[in-house]
Amino acid sequence: MRIVVKVGTSTLAHPGGLLNIRHTEDLVKVWSDIQNAGHQLIIVSSAATGLGVGKLQLEEKPRDLITKQAAAAVGQCELMYTYDRLFGQYNHTVAQMLLTWEDFDHPQRRRNLQNTLERLLELHAIPIINENDPVACEEYSLGDNDTLAALVATCIHADLVVLMSDIDGLYTADPHTHPEAALIPVVEEITPEIEQLAGGVGSSLGTGGMLTKVTAAKRATAAGVDMIITNGSHAEVLYDIVEGKSVGTRFVGRKA
C-alpha cells in the first residue's frame with residue numbers, strides 16, 4: 001500500500017513551538033514499522049515554522065511574511081535533523097523535498113516531481129515533504145499541508161491519504177462547543193452539507209483547520225484516492241488504518 005501521511009504542527013510541537021519529543025518519537029517508530037511491513041510511506045510534515053518560532057524564542061507565530069519565512073528556514077533544519085536522526089535508529093533513509101504550487105502546475109516540473117518520488121520509493125527511502133515556505137511567494141503558495149498531501153497523493157497515485165491532526169475526524173457539529181456532536185465515520189460524497197460542517201482555523205502555530213481538510217478530501221477523492229482524518233496523538237492508530245479498521249472519518253474516493 002502506498003500511503004501519504006500528513007502530520008500537523010499540533011501533533012509534532014508543543015504550543016510554544018518546541019518539539020514534542022514523545023509524540024514525534026512514537027510516530028517515527030510506527031512509520032518505520034509500517035515501512036518494514038512492505039508499505040510505501042510519504043510523509044508530508046508541518047511544524048517547520050512552529051519549530052522555528054521556538055528555536056528563535058519568538059513570543060508568538062509571526063504575522064509578517066518575511067519573519068514567517070525566516071522562522072520556517074530555521075525550523076526546517078531542526079525538523080529534518082530530527083527525522084534523519086530518529087528514522088536512522090530504525091535503519092531508514094529519509095529524503096527532503098520542499099515544494100510549491102508551481103511544482104504541480106507546470107507539466108515538466110510535475111513530471112520531474114513524479115520521477116523523483118518514484119525513484120526514492122524504489123530505493124526504499126522515505127520522502128519527507130513540506131511546502132517551500134522560506135521562499136514561497138503568495139502566487140505559488142499552497143497555503144496548507146492538507147492541500148499539499150492531496151496533491152502529492154494524486155501526483156504519485158497513492159492508495160490512501162491520512163491526515164493526522166488534533167481532532168478525531170469530522171463531526172456533526174463542533175465537538176468543542178457541542179458535546180452531543182457525533183463522529184461521522186464515512187463520507188461517500190462531499191455535499192454542500194458536509195462542507196458546511198467544516199470551518200474555523202487550526203492551532204495557533206498551524207495553518208489548517210477542518211475546512212482545509214475537507215477541501216483536500218475533495219481533491220483526493222476526485223482522483224480516486226481515499227482520505228482519512230484522524231487524531232495524531234496516538235501513533236498506533238496507523239496500524240488500525242493499514243489493517244482496514246474504521247478509524248476517524250474516511251472520505252471515499254470516486255473510483256473510475
# chains A, B, ... in the order shown; residues from 1 in each chain; ligands from 1

$ residues_around --residues "segment 172-185 of chain A" --least-positions-apart "5" --cutoff "12 Å" --atoms "only C-alpha atoms" --output "NGL selection string"
:A and (166-167 or 193-200 or 209-210 or 227-230 or 245-252)

$ closest_residue --among "A:Ala217, A:Gly17, A:Asp105, A:Ala153" --to "Pro62 of chain A" --atoms "only C-alpha atoms"
A:Gly17

$ atom_distance --atom1 "atom CA of Leu211 of chain A" --atom2 "atom CA of Asp146 of chain A"
9.9 Å

$ select_by_dssp --residues "segment 46-230 of chain A" --states "strand (DSSP E)" --output "ChimeraX atom specification"
/A:94-99,126-131,160-165,186-187,226-230

$ atom_distance --atom1 "atom CA of Arg2 of chain A" --atom2 "atom CA of His39 of chain A"
6.1 Å

$ select_by_dssp --residues "segment 1-249 of chain A" --states "alpha helix (DSSP H)" --output "ChimeraX atom specification"
/A:9-12,21-36,48-55,65-88,102-105,107-122,145-155,192-197,210-222,237-242

$ write_last_selection --atoms "C-alpha atoms" --output "compact mmCIF listing (two decimals), in the first residue's frame"
# COMPACT_ATOMS: atom_id res chain seq x y z
CA THR A 9 2.10 21.12 13.80
CA SER A 10 -0.14 20.48 16.80
CA THR A 11 0.97 16.82 16.78
CA LEU A 12 4.71 17.45 16.38
CA ILE A 21 9.71 14.67 21.60
CA ARG A 22 7.48 11.85 22.82
CA HIS A 23 4.88 12.18 20.05
CA THR A 24 7.48 12.55 17.33
CA GLU A 25 9.46 9.52 18.50
CA ASP A 26 6.26 7.44 18.70
CA LEU A 27 5.24 8.46 15.19
CA VAL A 28 8.62 7.65 13.66
CA LYS A 29 8.66 4.25 15.36
CA VAL A 30 5.24 3.33 13.93
CA TRP A 31 6.05 4.75 10.49
CA SER A 32 9.28 2.72 10.42
CA ASP A 33 7.41 -0.45 11.37
CA ILE A 34 4.82 0.11 8.64
CA GLN A 35 7.62 0.66 6.13
CA ASN A 36 9.26 -2.57 7.36
CA ALA A 48 8.86 23.96 10.35
CA THR A 49 7.54 27.44 11.12
CA GLY A 50 6.39 26.39 14.59
CA LEU A 51 9.77 24.86 15.43
CA GLY A 52 11.45 27.98 14.08
CA VAL A 53 9.32 30.10 16.40
CA GLY A 54 10.52 28.00 19.32
CA LYS A 55 14.15 27.94 18.18
CA LEU A 65 5.66 37.23 5.73
CA ILE A 66 9.40 37.81 5.97
CA THR A 67 9.64 36.73 9.62
CA LYS A 68 7.45 33.71 8.86
CA GLN A 69 9.84 32.74 6.08
CA ALA A 70 12.84 33.21 8.36
CA ALA A 71 11.24 31.06 11.08
CA ALA A 72 10.44 28.36 8.52
CA ALA A 73 14.05 28.35 7.30
CA VAL A 74 15.34 27.83 10.84
CA GLY A 75 12.66 25.29 11.73
CA GLN A 76 13.13 23.20 8.58
CA CYS A 77 16.71 22.45 9.63
CA GLU A 78 15.51 21.33 13.06
CA LEU A 79 12.71 19.24 11.55
CA MET A 80 14.88 17.33 9.09
CA TYR A 81 17.68 16.83 11.62
CA THR A 82 15.12 15.24 13.94
CA TYR A 83 13.62 12.98 11.26
CA ASP A 84 17.04 11.89 9.98
CA ARG A 85 18.20 11.03 13.49
CA LEU A 86 15.04 9.18 14.53
CA PHE A 87 14.50 7.23 11.30
CA GLY A 88 18.20 6.36 11.30
CA GLU A 102 4.44 25.66 -9.37
CA ASP A 103 5.83 22.12 -8.96
CA PHE A 104 2.33 20.74 -9.60
CA ASP A 105 1.06 23.37 -12.01
CA PRO A 107 3.77 19.94 -16.59
CA GLN A 108 7.54 19.40 -16.80
CA ARG A 109 8.11 20.16 -13.12
CA ARG A 110 5.26 17.81 -12.22
CA ARG A 111 6.88 15.02 -14.25
CA ASN A 112 10.21 15.71 -12.57
CA LEU A 113 8.49 15.52 -9.18
CA GLN A 114 6.80 12.24 -10.08
CA ASN A 115 10.03 10.71 -11.33
CA THR A 116 11.99 11.72 -8.24
CA LEU A 117 9.34 10.43 -5.84
CA GLU A 118 9.00 7.15 -7.70
CA ARG A 119 12.76 6.62 -7.67
CA LEU A 120 13.01 7.43 -3.97
CA LEU A 121 10.31 4.87 -3.22
CA GLU A 122 12.08 2.27 -5.38
CA ASN A 145 -0.15 20.99 4.03
CA ASP A 146 -3.55 19.30 3.83
CA THR A 147 -3.73 20.53 0.25
CA LEU A 148 -0.11 19.54 -0.31
CA ALA A 149 -0.79 15.99 0.89
CA ALA A 150 -3.73 15.63 -1.50
CA LEU A 151 -1.67 16.99 -4.40
CA VAL A 152 1.20 14.59 -3.68
CA ALA A 153 -1.20 11.66 -3.40
CA THR A 154 -2.81 12.38 -6.77
CA CYS A 155 0.58 13.02 -8.37
CA PRO A 192 -22.64 21.21 0.45
CA GLU A 193 -23.99 19.97 3.79
CA ILE A 194 -20.70 18.22 4.55
CA GLU A 195 -18.76 21.34 3.60
CA GLN A 196 -20.90 23.42 5.94
CA LEU A 197 -19.83 21.23 8.85
CA MET A 210 -11.31 21.24 9.20
CA LEU A 211 -12.22 23.36 6.18
CA THR A 212 -8.82 22.81 4.58
CA LYS A 213 -9.08 19.08 5.29
CA VAL A 214 -12.47 18.73 3.62
CA THR A 215 -11.22 20.77 0.67
CA ALA A 216 -8.21 18.45 0.42
CA ALA A 217 -10.53 15.46 0.60
CA LYS A 218 -12.46 16.82 -2.40
CA ARG A 219 -9.24 16.94 -4.39
CA ALA A 220 -8.07 13.47 -3.33
CA THR A 221 -11.39 11.68 -3.75
CA ALA A 222 -11.92 13.24 -7.19
CA VAL A 237 -3.81 4.32 15.08
CA LEU A 238 -1.92 3.88 11.79
CA TYR A 239 -1.75 0.14 12.44
CA ASP A 240 -5.55 0.02 12.55
CA ILE A 241 -5.77 2.08 9.36
CA VAL A 242 -3.40 -0.22 7.47

$ atom_distance --atom1 "atom CA of Ala37 of chain A" --atom2 "atom CA of Met164 of chain A"
20.4 Å

$ closest_residue --among "A:Met97, A:His14, A:Ile3, A:Gly8" --to "Gly38 of chain A" --atoms "only C-alpha atoms"
A:Ile3

$ closest_residue --among "A:Val4, A:Leu160, A:Ala13, A:Val187" --to "Ala223 of chain A" --atoms "only C-alpha atoms"
A:Leu160
